[in-house]
Amino acid sequence: MRTSSGNPDVTDPTTETESAAQIRRTALYLTLAQVPEGKVVSYGQLAELAGLGRAARWVGRTLSQLPGDTKLPWHRVLGAGGRISLPVGSPSGDEQRARLRSEGISVLNNRVDIRRHGWRPVEHSG
């Protein structure tokens, strides 16, 4: 629903939905940007840290839509238990493994040791 001036009506549900989605993406991106080099998080942990609750799958879908030239450290996000979700032999999976290794993170059997490399923001803040 639009007003006669062409501006979105505040009661327009599509405007509210787009705005809510953008707020969620912004919270995700801001949180992801804080993951330090040499540390990793799981999709679920990233969702919780961003205040998005149990939205691990949404995080994965959203990160898969990032532009190729993004500066966000998407490669530091892993599946549960440190599992690399991207397939071995895929360009993006190979890039993720290479980026992790270049940061000193060891990848063994398509997994990262979360206890060793996991990001715990409380320990890394100020």
# chains A, B, ... in the order shown; residues from 1 in each chain; ligands from 1
>>> residues_around(residues="Gly53 of chain A", least_positions_apart="5", cutoff="12 Å", atoms="only C-alpha atoms", output="ChimeraX atom specification")
/A:24,27-28,43-48,58-59
>>> write_last_selection(atoms="C-alpha atoms", output="compact mmCIF listing (two decimals), in the first residue's frame")
# COMPACT_ATOMS: atom_id res chain seq x y z
CA ARG A 24 18.91 -9.12 10.78
CA ALA A 27 23.39 -7.66 12.93
CA LEU A 28 24.89 -10.76 11.31
CA TYR A 43 26.79 -20.94 12.17
CA GLY A 44 24.68 -21.41 15.31
CA GLN A 45 27.10 -19.56 17.56
CA LEU A 46 27.25 -16.66 15.10
CA ALA A 47 23.44 -16.49 15.04
CA GLU A 48 23.29 -16.40 18.84
CA TRP A 58 19.49 -18.73 7.90
CA VAL A 59 23.07 -17.64 8.65
>>> select_by_dssp(residues="chain A", states="alpha helix (DSSP H)", output="NGL selection string")
:A and (13-32 or 43-49 or 56-64 or 91-102 or 114-117 or 121-124)
>>> atom_distance(atom1="atom CA of Ala21 of chain A", atom2="atom CA of Gly68 of chain A")
21.0 Å
>>> closest_atom_pairs(of="segment 39-84 of chain A", to="segment 99-114 of chain A", cutoff="12 Å", atoms="only C-alpha atoms", output="CSV")
residue,atom,partner,partner_atom,distance
A:Lys39,CA,A:Ile105,CA,7.7
A:Val40,CA,A:Ile114,CA,7.2
A:Val41,CA,A:Ile114,CA,7.8
A:Ser42,CA,A:Ile114,CA,8.7
A:Gln45,CA,A:Ile114,CA,11.5
A:Pro73,CA,A:Arg99,CA,9.3
A:Trp74,CA,A:Arg99,CA,9.9
A:His75,CA,A:Arg99,CA,6.8
A:Arg76,CA,A:Leu100,CA,7.0
A:Val77,CA,A:Leu100,CA,10.1
A:Leu78,CA,A:Val112,CA,8.3
A:Gly79,CA,A:Arg111,CA,9.0
A:Ala80,CA,A:Ile114,CA,9.2
A:Gly81,CA,A:Ile114,CA,6.6
A:Gly82,CA,A:Val112,CA,4.8
A:Arg83,CA,A:Arg111,CA,4.5
A:Ile84,CA,A:Asn110,CA,5.7
>>> write_last_selection(atoms="C-alpha atoms", output="PDB file, in the first residue's frame")
ATOM      1  CA  LYS A  39      39.512 -17.899  15.252  1.00  0.00           C
ATOM      2  CA  VAL A  40      36.330 -19.604  14.036  1.00  0.00           C
ATOM      3  CA  VAL A  41      32.654 -19.751  14.993  1.00  0.00           C
ATOM      4  CA  SER A  42      29.832 -22.110  14.101  1.00  0.00           C
ATOM      5  CA  GLN A  45      27.105 -19.559  17.563  1.00  0.00           C
ATOM      6  CA  PRO A  73      35.568 -13.172   7.021  1.00  0.00           C
ATOM      7  CA  TRP A  74      32.965 -15.735   5.870  1.00  0.00           C
ATOM      8  CA  HIS A  75      35.640 -18.415   5.848  1.00  0.00           C
ATOM      9  CA  ARG A  76      35.775 -18.338   9.671  1.00  0.00           C
ATOM     10  CA  VAL A  77      32.233 -19.740   9.956  1.00  0.00           C
ATOM     11  CA  LEU A  78      31.893 -23.511  10.250  1.00  0.00           C
ATOM     12  CA  GLY A  79      29.271 -26.148  10.775  1.00  0.00           C
ATOM     13  CA  ALA A  80      28.577 -27.691  14.154  1.00  0.00           C
ATOM     14  CA  GLY A  81      31.573 -29.279  15.831  1.00  0.00           C
ATOM     15  CA  GLY A  82      34.028 -27.471  13.541  1.00  0.00           C
ATOM     16  CA  ARG A  83      32.945 -29.214  10.352  1.00  0.00           C
ATOM     17  CA  ILE A  84      33.632 -27.392   7.099  1.00  0.00           C
TER      18      ILE A  84
END
>>> closest_residue(among="A:Pro121, A:Gln96, A:Arg115, A:Leu72", to="Tyr29 of chain A", atoms="only C-alpha atoms")
A:Leu72
>>> atom_distance(atom1="atom CA of Gln34 of chain A", atom2="atom CA of Ser90 of chain A")
26.6 Å
>>> atom_distance(atom1="atom CA of Ala20 of chain A", atom2="atom CA of Arg57 of chain A")
17.4 Å
>>> select_by_dssp(residues="chain A", states="strand (DSSP E)", output="ChimeraX atom specification")
/A:41-42,77-78,107-108,111-112
>>> write_last_selection(atoms="all heavy atoms", output="PDB file, in the first residue's frame")
ATOM      1  N   VAL A  41      33.937 -19.603  14.303  1.00  0.00           N
ATOM      2  CA  VAL A  41      32.654 -19.751  14.993  1.00  0.00           C
ATOM      3  C   VAL A  41      31.790 -20.706  14.185  1.00  0.00           C
ATOM      4  O   VAL A  41      32.001 -20.876  12.985  1.00  0.00           O
ATOM      5  CB  VAL A  41      31.894 -18.409  15.153  1.00  0.00           C
ATOM      6  CG1 VAL A  41      32.607 -17.465  16.075  1.00  0.00           C
ATOM      7  CG2 VAL A  41      31.608 -17.756  13.826  1.00  0.00           C
ATOM      8  N   SER A  42      30.800 -21.290  14.825  1.00  0.00           N
ATOM      9  CA  SER A  42      29.832 -22.110  14.101  1.00  0.00           C
ATOM     10  C   SER A  42      28.697 -21.203  13.627  1.00  0.00           C
ATOM     11  O   SER A  42      28.514 -20.087  14.125  1.00  0.00           O
ATOM     12  CB  SER A  42      29.273 -23.212  15.004  1.00  0.00           C
ATOM     13  OG  SER A  42      28.436 -22.650  16.002  1.00  0.00           O
ATOM     14  N   VAL A  77      33.488 -19.181   9.462  1.00  0.00           N
ATOM     15  CA  VAL A  77      32.233 -19.740   9.956  1.00  0.00           C
ATOM     16  C   VAL A  77      32.135 -21.200   9.506  1.00  0.00           C
ATOM     17  O   VAL A  77      32.273 -21.510   8.330  1.00  0.00           O
ATOM     18  CB  VAL A  77      31.021 -18.936   9.439  1.00  0.00           C
ATOM     19  CG1 VAL A  77      29.737 -19.461  10.082  1.00  0.00           C
ATOM     20  CG2 VAL A  77      31.194 -17.450   9.730  1.00  0.00           C
ATOM     21  N   LEU A  78      31.892 -22.072  10.487  1.00  0.00           N
ATOM     22  CA  LEU A  78      31.893 -23.511  10.250  1.00  0.00           C
ATOM     23  C   LEU A  78      30.600 -24.148  10.717  1.00  0.00           C
ATOM     24  O   LEU A  78      29.843 -23.550  11.480  1.00  0.00           O
ATOM     25  CB  LEU A  78      33.056 -24.149  11.031  1.00  0.00           C
ATOM     26  CG  LEU A  78      34.438 -23.568  10.792  1.00  0.00           C
ATOM     27  CD1 LEU A  78      35.419 -24.138  11.802  1.00  0.00           C
ATOM     28  CD2 LEU A  78      34.888 -23.851   9.373  1.00  0.00           C
ATOM     29  N   VAL A 107      43.378 -27.705   9.548  1.00  0.00           N
ATOM     30  CA  VAL A 107      42.186 -28.392   9.060  1.00  0.00           C
ATOM     31  C   VAL A 107      42.570 -29.850   8.878  1.00  0.00           C
ATOM     32  O   VAL A 107      43.485 -30.165   8.119  1.00  0.00           O
ATOM     33  CB  VAL A 107      41.701 -27.796   7.721  1.00  0.00           C
ATOM     34  CG1 VAL A 107      40.482 -28.544   7.207  1.00  0.00           C
ATOM     35  CG2 VAL A 107      41.397 -26.308   7.865  1.00  0.00           C
ATOM     36  N   LEU A 108      41.886 -30.744   9.591  1.00  0.00           N
ATOM     37  CA  LEU A 108      42.164 -32.164   9.506  1.00  0.00           C
ATOM     38  C   LEU A 108      40.860 -32.924   9.306  1.00  0.00           C
ATOM     39  O   LEU A 108      39.905 -32.709  10.069  1.00  0.00           O
ATOM     40  CB  LEU A 108      42.861 -32.617  10.800  1.00  0.00           C
ATOM     41  CG  LEU A 108      43.326 -34.062  10.865  1.00  0.00           C
ATOM     42  CD1 LEU A 108      44.374 -34.342   9.789  1.00  0.00           C
ATOM     43  CD2 LEU A 108      43.901 -34.360  12.242  1.00  0.00           C
ATOM     44  N   ARG A 111      37.730 -30.841   9.229  1.00  0.00           N
ATOM     45  CA  ARG A 111      37.286 -30.256  10.500  1.00  0.00           C
ATOM     46  C   ARG A 111      38.371 -29.351  11.082  1.00  0.00           C
ATOM     47  O   ARG A 111      39.546 -29.533  10.823  1.00  0.00           O
ATOM     48  CB  ARG A 111      36.981 -31.351  11.534  1.00  0.00           C
ATOM     49  CG  ARG A 111      35.728 -32.114  11.253  1.00  0.00           C
ATOM     50  CD  ARG A 111      35.372 -33.008  12.429  1.00  0.00           C
ATOM     51  NE  ARG A 111      34.170 -33.743  12.143  1.00  0.00           N
ATOM     52  CZ  ARG A 111      32.941 -33.303  12.375  1.00  0.00           C
ATOM     53  NH1 ARG A 111      32.764 -32.131  12.928  1.00  0.00           N
ATOM     54  NH2 ARG A 111      31.892 -34.013  12.070  1.00  0.00           N
ATOM     55  N   VAL A 112      37.893 -28.433  11.907  1.00  0.00           N
ATOM     56  CA  VAL A 112      38.766 -27.541  12.667  1.00  0.00           C
ATOM     57  C   VAL A 112      38.509 -27.833  14.137  1.00  0.00           C
ATOM     58  O   VAL A 112      37.364 -28.035  14.545  1.00  0.00           O
ATOM     59  CB  VAL A 112      38.446 -26.062  12.340  1.00  0.00           C
ATOM     60  CG1 VAL A 112      39.135 -25.117  13.300  1.00  0.00           C
ATOM     61  CG2 VAL A 112      38.804 -25.743  10.902  1.00  0.00           C
TER      62      VAL A 112
END
>>> decode(residues="segment 4-125 of chain A", atoms="C-alpha atoms", output="PDB file, in the first residue's frame")
ATOM      1  CA  SER A   4      -0.701   9.149  -3.030  1.00  0.00           C
ATOM      2  CA  SER A   5       2.730  10.792  -2.833  1.00  0.00           C
ATOM      3  CA  GLY A   6       4.389   7.465  -3.708  1.00  0.00           C
ATOM      4  CA  ASN A   7       6.041   7.095  -0.312  1.00  0.00           C
ATOM      5  CA  PRO A   8       5.695   3.768   1.461  1.00  0.00           C
ATOM      6  CA  ASP A   9       2.862   3.675   3.953  1.00  0.00           C
ATOM      7  CA  VAL A  10       4.124   2.807   7.429  1.00  0.00           C
ATOM      8  CA  THR A  11       1.463   0.104   7.605  1.00  0.00           C
ATOM      9  CA  ASP A  12       2.771  -1.564   4.429  1.00  0.00           C
ATOM     10  CA  PRO A  13       3.783  -5.065   5.607  1.00  0.00           C
ATOM     11  CA  THR A  14       6.307  -5.545   2.778  1.00  0.00           C
ATOM     12  CA  THR A  15       8.218  -2.456   3.931  1.00  0.00           C
ATOM     13  CA  GLU A  16       8.256  -3.753   7.507  1.00  0.00           C
ATOM     14  CA  THR A  17       9.432  -7.200   6.380  1.00  0.00           C
ATOM     15  CA  GLU A  18      12.227  -5.810   4.208  1.00  0.00           C
ATOM     16  CA  SER A  19      13.318  -3.581   7.063  1.00  0.00           C
ATOM     17  CA  ALA A  20      13.351  -6.487   9.554  1.00  0.00           C
ATOM     18  CA  ALA A  21      15.358  -8.618   7.126  1.00  0.00           C
ATOM     19  CA  GLN A  22      17.892  -5.832   6.641  1.00  0.00           C
ATOM     20  CA  ILE A  23      18.225  -5.385  10.404  1.00  0.00           C
ATOM     21  CA  ARG A  24      18.912  -9.122  10.775  1.00  0.00           C
ATOM     22  CA  ARG A  25      21.524  -9.077   7.998  1.00  0.00           C
ATOM     23  CA  THR A  26      23.205  -6.005   9.497  1.00  0.00           C
ATOM     24  CA  ALA A  27      23.387  -7.658  12.935  1.00  0.00           C
ATOM     25  CA  LEU A  28      24.889 -10.762  11.310  1.00  0.00           C
ATOM     26  CA  TYR A  29      27.470  -8.818   9.290  1.00  0.00           C
ATOM     27  CA  LEU A  30      28.526  -6.651  12.242  1.00  0.00           C
ATOM     28  CA  THR A  31      29.023  -9.728  14.418  1.00  0.00           C
ATOM     29  CA  LEU A  32      30.886 -11.651  11.712  1.00  0.00           C
ATOM     30  CA  ALA A  33      33.222  -8.699  11.167  1.00  0.00           C
ATOM     31  CA  GLN A  34      34.355  -9.041  14.808  1.00  0.00           C
ATOM     32  CA  VAL A  35      35.587 -12.647  14.486  1.00  0.00           C
ATOM     33  CA  PRO A  36      39.356 -12.254  14.777  1.00  0.00           C
ATOM     34  CA  GLU A  37      41.939 -13.773  12.472  1.00  0.00           C
ATOM     35  CA  GLY A  38      42.876 -17.283  13.574  1.00  0.00           C
ATOM     36  CA  LYS A  39      39.512 -17.899  15.252  1.00  0.00           C
ATOM     37  CA  VAL A  40      36.330 -19.604  14.036  1.00  0.00           C
ATOM     38  CA  VAL A  41      32.654 -19.751  14.993  1.00  0.00           C
ATOM     39  CA  SER A  42      29.832 -22.110  14.101  1.00  0.00           C
ATOM     40  CA  TYR A  43      26.790 -20.940  12.170  1.00  0.00           C
ATOM     41  CA  GLY A  44      24.682 -21.414  15.309  1.00  0.00           C
ATOM     42  CA  GLN A  45      27.105 -19.559  17.563  1.00  0.00           C
ATOM     43  CA  LEU A  46      27.253 -16.662  15.100  1.00  0.00           C
ATOM     44  CA  ALA A  47      23.442 -16.485  15.041  1.00  0.00           C
ATOM     45  CA  GLU A  48      23.287 -16.403  18.842  1.00  0.00           C
ATOM     46  CA  LEU A  49      26.046 -13.793  19.144  1.00  0.00           C
ATOM     47  CA  ALA A  50      24.209 -11.602  16.619  1.00  0.00           C
ATOM     48  CA  GLY A  51      21.022 -11.833  18.684  1.00  0.00           C
ATOM     49  CA  LEU A  52      19.235 -13.951  16.080  1.00  0.00           C
ATOM     50  CA  GLY A  53      18.485 -16.961  18.260  1.00  0.00           C
ATOM     51  CA  ARG A  54      18.594 -20.386  16.687  1.00  0.00           C
ATOM     52  CA  ALA A  55      19.033 -19.288  13.086  1.00  0.00           C
ATOM     53  CA  ALA A  56      22.046 -21.337  11.975  1.00  0.00           C
ATOM     54  CA  ARG A  57      20.509 -22.310   8.638  1.00  0.00           C
ATOM     55  CA  TRP A  58      19.489 -18.734   7.903  1.00  0.00           C
ATOM     56  CA  VAL A  59      23.074 -17.636   8.653  1.00  0.00           C
ATOM     57  CA  GLY A  60      24.408 -20.221   6.205  1.00  0.00           C
ATOM     58  CA  ARG A  61      21.985 -19.166   3.475  1.00  0.00           C
ATOM     59  CA  THR A  62      22.733 -15.493   4.018  1.00  0.00           C
ATOM     60  CA  LEU A  63      26.505 -15.987   3.944  1.00  0.00           C
ATOM     61  CA  SER A  64      26.200 -18.033   0.737  1.00  0.00           C
ATOM     62  CA  GLN A  65      24.722 -14.932  -0.911  1.00  0.00           C
ATOM     63  CA  LEU A  66      27.624 -12.601  -0.070  1.00  0.00           C
ATOM     64  CA  PRO A  67      29.277 -10.990  -3.092  1.00  0.00           C
ATOM     65  CA  GLY A  68      32.544 -12.579  -4.200  1.00  0.00           C
ATOM     66  CA  ASP A  69      34.552  -9.488  -3.268  1.00  0.00           C
ATOM     67  CA  THR A  70      33.214  -9.205   0.296  1.00  0.00           C
ATOM     68  CA  LYS A  71      35.666  -8.205   3.003  1.00  0.00           C
ATOM     69  CA  LEU A  72      33.695 -10.129   5.647  1.00  0.00           C
ATOM     70  CA  PRO A  73      35.568 -13.172   7.021  1.00  0.00           C
ATOM     71  CA  TRP A  74      32.965 -15.735   5.870  1.00  0.00           C
ATOM     72  CA  HIS A  75      35.640 -18.415   5.848  1.00  0.00           C
ATOM     73  CA  ARG A  76      35.775 -18.338   9.671  1.00  0.00           C
ATOM     74  CA  VAL A  77      32.233 -19.740   9.956  1.00  0.00           C
ATOM     75  CA  LEU A  78      31.893 -23.511  10.250  1.00  0.00           C
ATOM     76  CA  GLY A  79      29.271 -26.148  10.775  1.00  0.00           C
ATOM     77  CA  ALA A  80      28.577 -27.691  14.154  1.00  0.00           C
ATOM     78  CA  GLY A  81      31.573 -29.279  15.831  1.00  0.00           C
ATOM     79  CA  GLY A  82      34.028 -27.471  13.541  1.00  0.00           C
ATOM     80  CA  ARG A  83      32.945 -29.214  10.352  1.00  0.00           C
ATOM     81  CA  ILE A  84      33.632 -27.392   7.099  1.00  0.00           C
ATOM     82  CA  SER A  85      30.286 -27.353   5.303  1.00  0.00           C
ATOM     83  CA  LEU A  86      31.558 -26.596   1.820  1.00  0.00           C
ATOM     84  CA  PRO A  87      32.423 -29.688  -0.238  1.00  0.00           C
ATOM     85  CA  VAL A  88      36.012 -30.810  -0.707  1.00  0.00           C
ATOM     86  CA  GLY A  89      37.052 -30.008  -4.270  1.00  0.00           C
ATOM     87  CA  SER A  90      34.603 -27.117  -4.691  1.00  0.00           C
ATOM     88  CA  PRO A  91      36.150 -23.701  -5.465  1.00  0.00           C
ATOM     89  CA  SER A  92      34.595 -22.068  -2.409  1.00  0.00           C
ATOM     90  CA  GLY A  93      35.466 -25.015  -0.155  1.00  0.00           C
ATOM     91  CA  ASP A  94      39.076 -24.990  -1.342  1.00  0.00           C
ATOM     92  CA  GLU A  95      39.232 -21.231  -0.802  1.00  0.00           C
ATOM     93  CA  GLN A  96      37.851 -21.580   2.726  1.00  0.00           C
ATOM     94  CA  ARG A  97      40.418 -24.237   3.641  1.00  0.00           C
ATOM     95  CA  ALA A  98      43.261 -22.171   2.155  1.00  0.00           C
ATOM     96  CA  ARG A  99      42.169 -19.024   4.014  1.00  0.00           C
ATOM     97  CA  LEU A 100      41.865 -20.891   7.318  1.00  0.00           C
ATOM     98  CA  ARG A 101      45.305 -22.468   6.894  1.00  0.00           C
ATOM     99  CA  SER A 102      46.831 -19.083   6.011  1.00  0.00           C
ATOM    100  CA  GLU A 103      45.588 -17.836   9.405  1.00  0.00           C
ATOM    101  CA  GLY A 104      47.308 -20.708  11.209  1.00  0.00           C
ATOM    102  CA  ILE A 105      44.181 -22.812  11.655  1.00  0.00           C
ATOM    103  CA  SER A 106      44.773 -26.515  11.096  1.00  0.00           C
ATOM    104  CA  VAL A 107      42.186 -28.392   9.060  1.00  0.00           C
ATOM    105  CA  LEU A 108      42.164 -32.164   9.506  1.00  0.00           C
ATOM    106  CA  ASN A 109      39.592 -34.500   7.962  1.00  0.00           C
ATOM    107  CA  ASN A 110      37.532 -31.476   6.885  1.00  0.00           C
ATOM    108  CA  ARG A 111      37.286 -30.256  10.500  1.00  0.00           C
ATOM    109  CA  VAL A 112      38.766 -27.541  12.667  1.00  0.00           C
ATOM    110  CA  ASP A 113      39.404 -28.087  16.380  1.00  0.00           C
ATOM    111  CA  ILE A 114      36.796 -25.747  17.857  1.00  0.00           C
ATOM    112  CA  ARG A 115      38.276 -26.052  21.370  1.00  0.00           C
ATOM    113  CA  ARG A 116      41.592 -24.761  20.077  1.00  0.00           C
ATOM    114  CA  HIS A 117      40.469 -22.250  17.436  1.00  0.00           C
ATOM    115  CA  GLY A 118      36.950 -21.325  18.570  1.00  0.00           C
ATOM    116  CA  TRP A 119      36.181 -17.680  19.194  1.00  0.00           C
ATOM    117  CA  ARG A 120      34.936 -16.870  22.657  1.00  0.00           C
ATOM    118  CA  PRO A 121      34.181 -13.130  22.544  1.00  0.00           C
ATOM    119  CA  VAL A 122      34.323 -12.637  26.311  1.00  0.00           C
ATOM    120  CA  GLU A 123      37.956 -13.823  26.312  1.00  0.00           C
ATOM    121  CA  HIS A 124      38.873 -11.612  23.349  1.00  0.00           C
ATOM    122  CA  SER A 125      37.155  -8.379  24.326  1.00  0.00           C
TER     123      SER A 125
END
